[in-house]
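Each remark here refers to the structure printed beneath this line.
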Amino acid sequence: MAASVLHFLNDIPMNLLLVEDDAALAAATRNSMERRGITVWHADSAPVARALIGTAAFDAAVLDLRLPGDSGLTLIAPLRAAYPDMRILLLTGYASIATAVDAIKLGATNYLPKPATVSDILAALEEDAPDADRAVAAQPLPVDRLEWEHIQKVLAEHDGNISATARALQMHRRTLQRKLLKHPVREAPMDSAED
């Protein structure tokens with residue numbers, strides 16, 4: 001871990017840019033981080049975040065994927081250009097493999113699905129590199145999880161438009177809305193005793 005980047009580990013003040021359009025979530029995250037000694041700058045949209053670039057020496061950024069009229073992905077390149085050593089975390093309630101790959105390719109340090117605690121966020125920002133020793137699940141994803149991933153992919157392709165997504169999936173709009181209200185099926189924890 002680079003001490004110059006991970007100020008919160010060394011009791012050195014850290015500036016963090018939080019880009020989140022959900023006001024309640026942003027306030028809770030900000031309050032929790034500030035209790036840990038982190039200075040948080042909040043932007044509720046991509047244009048506000050772009051205006052903040054260069055106004056402070058940001059050490060890290062937590063970006064929501066879905067912002068009003070924009071995507072958090074569009075902020076990665078300007079942030080990386082202004083702050084080459086910045087830790088960038090993409091945080092989203094619309095977790096999918098495709099957006100995770102895009103985020104990393106564009107220069108994000110890590111990617112985390114919502115809901116996530118502040119401890120989860122800070123741990124993801126601390127992670128320097130993927131864990132090559134991380135165990136691989138022996139079981140394939142459950143069908144419910146695969147369905148969730150596919151729905152999220154199609155929803156993203158249709159810019160969050162429920163009606164267009166329902167038509168593309170050949171599904172009644174209300175059925176799709178009910179499926180979206182359910183939380184995704186979590187992957188089963190792996191048994192650490194198995195090798």
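Ligands are numbered from 1 in the order shown, chains are lettered A, B, ... in the order of the structure tokens, and residues start at 1 in each chain.
Residues in contact range of Lys114 of chain A, defined as at most 7 Å between only C-alpha atoms, with sequence neighbours fewer than 4 positions away removed, read Leu91, Thr92 and Gly93 of chain A.
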Compile the contact shell of Ser71 of chain A as a PDB file with N, CA and C atoms, in the first residue's frame: residues with an atom at most 10 Å away, counting only C-alpha atoms, same-chain residues fewer than 5 positions apart removed.
ATOM      1  N   SER A  45     -23.980  15.646  -9.036  1.00  0.00           N
ATOM      2  CA  SER A  45     -24.090  15.407 -10.473  1.00  0.00           C
ATOM      3  C   SER A  45     -22.695  15.465 -11.102  1.00  0.00           C
ATOM      4  N   ALA A  46     -22.604  14.978 -12.336  1.00  0.00           N
ATOM      5  CA  ALA A  46     -21.315  15.000 -13.039  1.00  0.00           C
ATOM      6  C   ALA A  46     -20.841  16.437 -13.310  1.00  0.00           C
ATOM      7  N   LEU A  63     -17.437   7.374  -6.861  1.00  0.00           N
ATOM      8  CA  LEU A  63     -18.357   7.802  -7.909  1.00  0.00           C
ATOM      9  C   LEU A  63     -19.541   6.857  -8.008  1.00  0.00           C
ATOM     10  N   ASP A  64     -20.745   7.415  -8.054  1.00  0.00           N
ATOM     11  CA  ASP A  64     -21.937   6.620  -8.338  1.00  0.00           C
ATOM     12  C   ASP A  64     -21.976   6.398  -9.846  1.00  0.00           C
ATOM     13  N   LEU A  65     -22.359   5.217 -10.275  1.00  0.00           N
ATOM     14  CA  LEU A  65     -22.425   4.926 -11.708  1.00  0.00           C
ATOM     15  C   LEU A  65     -23.525   5.737 -12.378  1.00  0.00           C
ATOM     16  N   ARG A  66     -24.722   5.686 -11.808  1.00  0.00           N
ATOM     17  CA  ARG A  66     -25.880   6.340 -12.434  1.00  0.00           C
ATOM     18  C   ARG A  66     -26.128   7.693 -11.789  1.00  0.00           C
ATOM     19  N   ILE A  76     -14.149   9.411 -14.736  1.00  0.00           N
ATOM     20  CA  ILE A  76     -12.879   8.734 -14.450  1.00  0.00           C
ATOM     21  C   ILE A  76     -11.714   9.377 -15.196  1.00  0.00           C
ATOM     22  N   ASP A 159     -30.635   2.894 -20.948  1.00  0.00           N
ATOM     23  CA  ASP A 159     -30.489   4.104 -20.129  1.00  0.00           C
ATOM     24  C   ASP A 159     -31.484   4.181 -18.984  1.00  0.00           C
TER      25      ASP A 159
END
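Among A:Asp120, A:Ala98, A:Gln177, A:Leu89, the residue with the shortest atom-to-atom distance to Lys153 of chain A, counting only C-alpha atoms, is A:Ala98.
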Do a neighbour search on segment 37-43 of chain A at 12 Å with only C-alpha atoms, toss out local chain neighbours closer than 2 positions, and write the hits as a PyMOL selection string. chain A and resi 6-23+25-35+45-53+55-64+67-68+72+75+118+122
DSSP-assigned alpha helix (DSSP H) members of segment 18-140 of chain A, reported as a count of residues only: 49
